[in-house]
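Engineer: Below is run_0.txt; it holds compact mmCIF, C-alpha atoms.
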```txt
# COMPACT_ATOMS: atom_id res chain seq x y z
CA MET M 76 79.91 106.55 98.62
CA ALA M 77 78.46 104.39 95.83
CA THR M 78 78.83 100.70 96.75
CA MET M 79 79.16 99.52 93.14
CA ARG M 80 81.84 102.08 92.42
CA ALA M 81 83.67 101.19 95.62
CA GLU M 82 83.70 97.49 94.72
CA THR M 83 84.95 98.28 91.24
CA VAL M 84 87.77 100.34 92.72
CA ARG M 85 88.59 97.54 95.16
CA THR M 86 88.81 95.01 92.32
CA ARG M 87 91.05 97.26 90.23
CA LEU M 88 93.29 98.03 93.20
CA ASP M 89 93.66 94.32 93.87
CA ALA M 90 94.90 93.78 90.31
CA LEU M 91 97.10 96.88 90.51
CA SER M 92 98.79 95.67 93.71
CA ARG M 93 99.96 92.56 91.85
CA ALA M 94 100.91 94.27 88.58
CA GLY M 95 104.65 94.44 89.24
CA LEU M 96 104.90 98.24 89.42
CA SER M 97 107.52 100.16 91.37
CA TRP M 98 106.11 101.54 94.61
CA GLY M 99 105.98 105.09 93.20
CA GLU M 100 104.09 104.04 90.08
CA PHE M 101 101.78 101.96 92.22
CA GLY M 102 101.12 104.93 94.52
CA GLU M 103 100.28 107.28 91.68
CA ASN M 104 97.90 104.79 90.06
CA ALA M 105 96.35 103.87 93.41
CA LEU M 106 95.54 107.53 94.15
CA GLU M 107 93.90 107.86 90.73
CA LEU M 108 91.64 104.91 91.55
CA LEU M 109 90.93 105.83 95.18
CA THR M 110 89.57 109.27 94.39
CA LYS M 111 86.85 107.63 92.28
CA ALA M 112 85.43 105.94 95.39
CA VAL M 113 86.41 108.42 98.11
CA PRO M 114 86.76 111.85 96.43
CA PHE M 115 89.57 114.07 97.69
CA ASP M 116 91.33 117.24 96.59
CA SER M 117 94.87 116.41 97.66
CA ALA M 118 96.73 113.35 98.86
CA CYS M 119 100.07 112.00 100.00
CA PHE M 120 100.97 108.33 99.53
CA GLY M 121 104.22 107.30 101.20
CA THR M 122 106.52 104.45 102.08
CA ILE M 123 107.27 103.77 105.74
CA ASP M 124 110.15 101.82 107.26
CA PRO M 125 108.51 98.88 109.05
CA ALA M 126 111.31 98.87 111.64
CA THR M 127 110.58 102.37 112.94
CA ALA M 128 107.30 103.59 111.33
CA MET M 129 109.22 106.55 109.87
CA VAL M 130 108.40 107.93 106.41
CA THR M 131 111.00 107.16 103.73
CA GLY M 132 109.42 108.55 100.55
CA SER M 133 106.18 109.86 99.06
CA VAL M 134 104.19 110.67 95.96
CA LYS M 135 101.67 113.52 96.12
CA ARG M 136 98.56 114.64 94.31
CA GLY M 137 97.15 118.18 94.32
CA LEU M 138 99.95 119.62 96.48
CA ASP M 139 101.98 122.06 94.37
CA ASP M 140 104.53 122.72 97.12
CA PRO M 141 105.52 119.43 98.80
CA CYS M 142 106.70 121.21 102.00
CA GLU M 143 108.72 118.14 102.95
CA ALA M 144 110.71 119.88 105.69
CA ALA M 145 107.59 121.41 107.25
CA PHE M 146 105.77 118.08 107.14
CA ALA M 147 108.67 116.33 108.87
CA HIS M 148 108.82 119.05 111.54
CA HIS M 149 105.18 118.52 112.47
CA GLU M 150 105.33 114.73 112.22
CA TYR M 151 108.46 114.26 114.32
CA VAL M 152 108.81 117.39 116.45
CA GLU M 153 105.68 119.43 117.10
CA ASP M 154 102.42 117.58 116.39
CA ASP M 155 100.93 114.85 118.58
CA VAL M 156 97.64 114.04 116.82
CA SER M 157 97.17 110.91 114.67
CA LEU M 158 100.85 110.49 113.86
CA PHE M 159 101.66 107.58 111.58
CA SER M 160 103.80 106.02 114.33
CA ASP M 161 100.78 106.09 116.66
CA LEU M 162 98.35 104.74 114.08
CA ALA M 163 100.78 101.90 113.38
CA ARG M 164 100.21 100.57 116.91
CA ARG M 165 96.41 100.71 116.78
CA ASP M 166 94.24 97.74 115.91
CA VAL M 167 92.41 100.00 113.45
CA GLY M 168 94.97 102.23 111.76
CA VAL M 169 92.66 104.83 110.23
CA SER M 170 91.93 108.30 111.60
CA ILE M 171 89.62 111.16 110.64
CA LEU M 172 91.22 114.33 112.03
CA HIS M 173 87.92 116.00 112.95
CA GLU M 174 86.93 112.97 115.02
CA GLU M 175 90.39 112.67 116.66
CA THR M 176 90.24 116.29 117.79
CA GLY M 177 86.61 116.42 118.90
CA GLY M 178 85.69 118.67 115.99
CA ASP M 179 88.63 121.07 116.49
CA PRO M 180 91.29 120.07 113.92
CA ARG M 181 93.37 123.14 114.85
CA ARG M 182 94.55 121.14 117.86
CA SER M 183 96.83 119.51 115.27
CA SER M 184 99.82 121.72 114.50
CA ARG M 185 100.15 120.40 110.95
CA PHE M 186 96.56 121.39 110.25
CA ARG M 187 96.75 124.74 112.06
CA ASP M 188 100.11 125.89 110.71
CA LEU M 189 100.45 124.09 107.37
CA PHE M 190 97.43 122.43 105.76
CA GLU M 191 94.84 125.14 106.39
CA PRO M 192 96.85 128.37 105.79
CA VAL M 193 99.18 127.08 103.04
CA PHE M 194 96.98 124.68 101.07
CA GLY M 195 93.45 125.78 102.06
CA LEU M 196 92.61 122.29 103.29
CA GLY M 197 89.86 121.67 105.83
CA HIS M 198 89.70 117.89 106.29
CA GLU M 199 92.22 115.07 106.65
CA MET M 200 91.99 111.28 106.84
CA ARG M 201 95.00 109.04 107.44
CA VAL M 202 95.52 105.30 107.26
CA THR M 203 98.52 103.05 107.79
CA LEU M 204 99.18 100.35 105.20
CA LYS M 205 99.93 96.98 106.82
CA THR M 206 100.51 93.45 105.63
CA GLY M 207 101.92 90.49 107.50
CA GLY M 208 101.74 92.50 110.73
CA ASP M 209 104.17 95.16 109.46
CA ILE M 210 103.55 98.72 108.30
CA TRP M 211 104.91 99.45 104.80
CA GLY M 212 103.23 102.73 103.97
CA GLY M 213 100.88 105.51 104.90
CA LEU M 214 98.13 107.40 103.09
CA ALA M 215 96.74 110.85 103.89
CA ILE M 216 93.90 112.34 101.86
CA TYR M 217 92.49 115.87 102.15
CA ARG M 218 89.45 117.95 101.23
CA ARG M 219 89.33 121.72 100.92
CA SER M 220 88.01 124.05 103.60
CA GLY M 221 84.29 124.62 103.36
CA GLY M 222 83.58 121.22 101.87
CA SER M 223 82.15 118.13 103.51
CA GLY M 224 84.31 116.06 105.82
CA PHE M 225 85.16 112.36 105.61
CA SER M 226 82.53 109.94 106.86
CA PRO M 227 82.95 106.82 109.03
CA ALA M 228 81.81 104.74 106.04
CA GLU M 229 84.60 106.20 103.92
CA ALA M 230 87.08 105.54 106.73
CA ASP M 231 85.94 101.91 106.92
CA PHE M 232 86.33 101.53 103.17
CA ILE M 233 89.85 103.00 103.15
CA ASP M 234 90.86 100.91 106.16
CA GLY M 235 89.61 97.81 104.35
CA LEU M 236 92.10 98.56 101.56
CA SER M 237 95.09 98.84 103.93
CA GLY M 238 96.42 95.33 103.31
CA MET M 239 95.93 95.58 99.56
CA LEU M 240 97.74 98.93 99.38
CA ALA M 241 100.55 97.62 101.60
CA LEU M 242 100.88 94.64 99.28
CA GLY M 243 101.43 96.98 96.34
CA VAL M 244 104.08 98.96 98.24
CA ARG M 245 105.83 95.82 99.45
CA ALA M 246 105.89 94.28 95.98
CA GLY M 247 107.05 97.60 94.53
CA LEU M 248 110.09 97.67 96.81
CA LEU M 249 111.20 94.33 95.41
CA VAL M 250 110.64 95.56 91.87
CA GLY M 251 112.74 98.62 92.67
CA ALA M 252 115.70 96.38 93.41
CA THR M 253 115.75 95.32 89.74
CA GLN M 254 115.80 98.93 88.53
CA ARG M 255 119.30 99.79 89.77
CA PRO M 256 121.61 98.79 86.91
CA GLU M 257 124.63 100.48 88.51
CA LEU M 258 124.67 97.72 91.13
CA ARG M 259 124.03 94.82 88.81
CA ASP M 260 127.69 93.74 88.74
CA SER M 261 128.62 94.67 92.30
CA ALA M 262 129.26 91.93 94.85
CA ASP M 263 128.33 94.43 97.55
CA GLY M 264 125.05 95.37 95.88
CA PRO M 265 121.63 93.79 96.36
CA ALA M 266 121.17 90.05 95.93
CA VAL M 267 118.56 90.06 93.15
CA LEU M 268 117.48 87.39 90.66
CA THR M 269 114.82 87.50 87.94
CA PHE M 270 113.07 84.36 86.68
CA ASP M 271 111.48 83.99 83.24
CA HIS M 272 108.11 82.40 82.51
CA THR M 273 109.69 78.91 82.64
CA ASN M 274 110.98 79.65 86.18
CA ALA M 275 114.58 79.67 84.97
CA VAL M 276 116.99 82.39 86.13
CA SER M 277 117.34 85.06 83.44
CA GLN M 278 119.42 87.60 85.40
CA ALA M 279 121.32 87.61 88.69
CA THR M 280 123.60 90.01 90.51
CA VAL M 281 126.99 88.82 91.72
CA ALA M 282 125.73 89.11 95.31
CA ALA M 283 122.76 86.87 94.43
CA GLU M 284 125.03 84.21 92.95
CA ARG M 285 126.99 84.15 96.21
CA ARG M 286 123.87 83.94 98.36
CA ILE M 287 122.51 81.06 96.27
CA GLU M 288 125.81 79.23 96.72
CA GLU M 289 125.56 79.89 100.46
CA LEU M 290 122.18 78.14 100.37
CA GLY M 291 123.75 75.10 98.70
CA GLY M 292 122.77 75.72 95.09
CA SER M 293 123.76 77.48 91.89
CA ALA M 294 122.04 80.41 90.22
CA TRP M 295 122.77 78.87 86.82
CA GLY M 296 122.30 75.25 87.84
CA GLU M 297 120.34 73.51 90.57
CA LEU M 298 118.52 76.06 92.69
CA PRO M 299 117.83 75.57 96.43
CA GLN M 300 114.35 74.25 97.17
CA PRO M 301 113.27 77.32 99.22
CA VAL M 302 114.01 79.57 96.22
CA LEU M 303 112.04 77.35 93.82
CA ALA M 304 109.14 77.24 96.28
CA ILE M 305 108.99 81.00 96.71
CA VAL M 306 109.03 81.58 92.94
CA ALA M 307 105.98 79.32 92.66
CA THR M 308 104.33 81.23 95.51
CA ALA M 309 105.00 84.53 93.72
CA ARG M 310 103.16 83.11 90.70
CA ALA M 311 100.19 82.53 93.00
CA LEU M 312 100.44 86.16 94.13
CA GLY M 313 100.40 87.35 90.53
CA ALA M 314 97.36 85.18 89.79
CA GLY M 315 95.45 86.61 92.75
CA ARG M 316 95.49 83.42 94.82
CA LEU M 317 97.71 84.95 97.53
CA GLY M 318 97.25 88.15 99.52
CA VAL M 319 100.76 88.77 100.86
CA VAL M 320 104.19 89.16 99.27
CA PRO M 321 105.87 85.80 99.96
CA SER M 322 109.00 85.58 102.07
CA VAL M 323 110.83 82.76 103.82
CA ARG M 324 113.64 82.66 106.40
CA VAL M 325 116.34 80.07 105.66
CA ARG M 326 119.49 78.98 107.52
CA SER M 327 122.50 79.07 105.21
CA ARG M 328 125.46 76.68 105.17
CA ALA M 329 127.48 79.42 106.85
CA GLY M 330 125.10 79.25 109.80
CA ARG M 331 123.44 82.63 109.31
CA TRP M 332 119.79 83.31 108.58
CA LEU M 333 118.78 84.72 105.20
CA THR M 334 115.37 86.09 104.22
CA VAL M 335 114.15 85.38 100.68
CA HIS M 336 111.41 87.55 99.13
CA ALA M 337 109.64 87.21 95.78
CA SER M 338 107.14 89.16 93.68
CA PRO M 339 105.83 89.03 90.10
CA LEU M 340 107.01 91.58 87.55
CA SER M 341 104.73 93.00 84.88
CA GLY M 342 105.75 93.25 81.25
CA ARG M 343 104.70 95.22 78.18
CA GLY M 344 101.90 93.82 76.07
CA ASP M 345 101.94 90.03 75.94
CA THR M 346 105.36 89.71 77.58
CA PRO M 347 105.25 86.69 79.94
CA THR M 348 105.28 87.56 83.64
CA GLN M 349 108.67 87.36 85.31
CA VAL M 350 109.39 86.94 89.02
CA VAL M 351 111.95 88.91 91.01
CA VAL M 352 113.63 87.35 94.05
CA THR M 353 115.76 89.17 96.61
CA ILE M 354 117.86 87.60 99.35
CA GLU M 355 118.82 89.57 102.46
CA VAL M 356 120.69 88.80 105.64
CA SER M 357 118.12 88.52 108.42
CA GLY M 358 118.75 90.62 111.47
CA ALA M 359 118.32 93.97 113.16
CA PRO M 360 117.01 96.95 111.20
CA GLU M 361 119.72 98.81 109.32
CA VAL M 362 119.08 102.07 111.18
CA VAL M 363 119.99 100.70 114.62
CA PRO M 364 123.73 100.19 113.88
CA LEU M 365 123.84 103.77 112.60
CA VAL M 366 122.36 105.01 115.87
CA VAL M 367 124.82 102.89 117.86
CA ALA M 368 127.76 104.31 115.91
CA GLY M 369 126.53 107.88 116.25
CA PHE M 370 125.68 107.79 119.96
CA GLY M 371 128.26 105.27 121.18
CA LEU M 372 125.65 102.95 122.70
CA THR M 373 126.28 99.61 124.34
CA ALA M 374 124.59 96.45 123.06
CA ARG M 375 121.91 96.64 125.76
CA GLU M 376 121.30 100.35 125.14
CA ARG M 377 120.92 99.55 121.47
CA ASP M 378 118.22 97.00 122.30
CA VAL M 379 116.35 99.61 124.33
CA VAL M 380 116.60 102.17 121.51
CA ASP M 381 115.32 99.56 119.08
CA GLY M 382 112.21 99.24 121.24
CA VAL M 383 111.76 103.00 121.50
CA LEU M 384 111.95 103.41 117.71
CA ARG M 385 109.31 100.70 117.29
CA GLY M 386 107.02 102.60 119.65
CA ALA M 387 107.13 100.00 122.44
CA THR M 388 106.27 101.08 125.97
CA THR M 389 108.73 100.75 128.85
CA ALA M 390 106.82 97.68 130.07
CA GLU M 391 106.92 96.09 126.61
CA ILE M 392 110.65 96.74 126.25
CA ALA M 393 111.27 95.32 129.72
CA LYS M 394 109.31 92.16 128.92
CA SER M 395 111.05 91.57 125.58
CA LEU M 396 114.52 92.06 127.10
CA HIS M 397 113.74 90.21 130.37
CA LEU M 398 114.57 93.32 132.40
CA SER M 399 112.70 95.26 135.05
CA PRO M 400 111.01 98.51 133.98
CA TYR M 401 113.34 100.36 136.36
CA THR M 402 116.39 98.96 134.56
CA VAL M 403 114.94 100.02 131.22
CA GLN M 404 114.41 103.52 132.59
CA ASP M 405 118.01 103.61 133.76
CA HIS M 406 119.18 102.62 130.27
CA LEU M 407 116.96 105.29 128.75
CA LYS M 408 118.48 107.97 130.96
CA VAL M 409 121.95 107.01 129.73
CA VAL M 410 120.76 106.90 126.10
CA PHE M 411 119.18 110.35 126.42
CA ASP M 412 122.41 111.71 127.86
CA LYS M 413 124.54 110.23 125.07
CA ALA M 414 122.12 111.44 122.38
CA GLY M 415 121.71 114.89 123.91
CA VAL M 416 117.92 114.61 124.21
CA SER M 417 115.49 114.56 127.12
CA SER M 418 112.58 112.42 125.88
CA ARG M 419 111.56 109.54 123.64
CA ARG M 420 110.00 112.03 121.22
CA GLU M 421 113.24 114.00 120.95
CA LEU M 422 115.18 110.78 120.43
CA THR M 423 112.87 109.68 117.62
CA SER M 424 113.05 113.15 116.06
CA LYS M 425 116.84 113.13 116.18
CA VAL M 426 117.01 109.72 114.55
CA PHE M 427 114.69 110.86 111.75
CA PHE M 428 116.55 114.07 110.96
CA ASP M 429 119.99 112.46 111.29
CA HIS M 430 119.37 109.20 109.43
CA TYR M 431 116.16 109.48 107.40
CA ALA M 432 115.72 113.08 106.25
CA PRO M 433 119.03 113.19 104.29
CA ARG M 434 118.03 110.01 102.42
CA VAL M 435 114.31 110.63 101.74
CA GLY M 436 113.68 110.47 98.02
CA GLY M 437 116.48 107.97 97.41
CA SER M 438 116.19 104.34 96.38
CA LEU M 439 114.69 101.90 98.85
CA SER M 440 115.72 98.32 99.51
CA PRO M 441 113.27 95.41 99.86
CA SER M 442 113.57 95.72 103.65
CA GLY M 443 112.01 99.19 103.60
CA TRP M 444 115.29 100.89 104.53
CA PHE M 445 117.23 102.99 102.03
CA ALA M 446 119.37 101.22 99.45
CA ASP M 447 123.11 101.82 99.66
```
I'd like the structure from this file rewritten - as structure tokens, please.
Structural biologist:
Amino acid sequence: MATMRAETVRTRLDALSRAGLSWGEFGENALELLTKAVPFDSACFGTIDPATAMVTGSVKRGLDDPCEAAFAHHEYVEDDVSLFSDLARRDVGVSILHEETGGDPRRSSRFRDLFEPVFGLGHEMRVTLKTGGDIWGGLAIYRRSGGSGFSPAEADFIDGLSGMLALGVRAGLLVGATQRPELRDSADGPAVLTFDHTNAVSQATVAAERRIEELGGSAWGELPQPVLAIVATARALGAGRLGVVPSVRVRSRAGRWLTVHASPLSGRGDTPTQVVVTIEVSGAPEVVPLVVAGFGLTARERDVVDGVLRGATTAEIAKSLHLSPYTVQDHLKVVFDKAGVSSRRELTSKVFFDHYAPRVGGSLSPSGWFAD
């Protein structure tokens, strides 16, 4: 790997992550840059729900048949090697398949049954994309059979880009909220505002106007201080002085907590940079209420399932809920019975195929969950 080329790619990726692209456009452009520093034959760049570490969408390069159903089967049912949910919990979230398997990548079902026979691939490297402690995406790159494998130096380089790539995905999710005109006039749609180069509101959804009023201001008059502050912070992000997509949690006049996010938007030619702001109700991940409704869980069982979906151990769940590990196990037994499964893995698989698989490929909200 040429150091000069790698640094050039890093610099361009940094600018790309702040360019105001949708996550899909960012992913496609990022793959084009990455292959110049770490050559690969095929790749998959995807979004991941930070609440559960489950894949919500992807863009691919060099894979003629996306094999989405087969990929999901191996990721959530059959395989147990270097899964994205496992990498999300590691301090270093990068994995070279040959190293993970002691030189025998066929120990991985996705490699043995899909990548090698269908695509003629011989090497895989994966990395989770994290920023602010949360996982927002995943990247898998591949080389053909018979070629050289990925080196530890290449893995270190890719891992060093994790935060930058996550930043681009995270910013792209906010941008995506502005690209849904069918919800622009719906009070039940996303709360989205765009600010022009003078930091004045140029567009706002009905839901955004209501949220701004809830924060004690007016979208077309005096804006709440937290909103003004986060717009200024988004300008710093666009200028390269900030390395995370800004967000702030604010208590509204109604007594509930709202989370405000902001990111710069790119424009054509010399068009001044705009800023997009989204306002969401803070709280539990959207998928958990769906699970509760589907399985008929109690509030405490819901809390336990929330921990399972985040990959927490029994001890970690017990500590967070101030319960004994035995009590958590008792709750799990009841949850398994209600869900018709016999293990954590089966529970996670059921949640993916019931609540994620039917929505994959749809619009995503700024939270990482699917937009309504």
Engineer: Using all atoms listed in the file, which residue out of M:Ser327, M:Thr176, M:Thr110, M:Thr348 lies closest to M:Pro301?
Structural biologist: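 The closest residue to M:Pro301 is M:Ser327.
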Engineer: Between M:Ala414, M:Leu365, M:Ala230, M:Ala446, which is the closest to M:Val167 once you count all atoms listed in the file?
Structural biologist: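 For M:Val167, the nearest of the candidates is M:Ala230.
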Engineer: Which residue out of M:Pro433, M:Pro192, M:Gly102, M:Pro364 has the minimum interatomic distance to M:Leu248 when all atoms listed in the file are used?
Structural biologist: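 Result for the nearest residue to M:Leu248: M:Gly102.
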Engineer: Extract, using all atoms listed in the file, all DNA, RNA and protein residues at most 8 Å from M:Val356, discarding same-chain residues fewer than 3 positions from it, and format them as a PyMOL selection string.
Structural biologist: chain M and resi 331-334
Engineer: Around (117.0, 98.0, 113.4) in the file's own coordinates, what residues are found within 12 Å if you use all atoms listed in the file, given back as a VMD selection string?
Structural biologist: chain M and resid 124 to 128 357 to 367 377 to 385 426 442 to 444
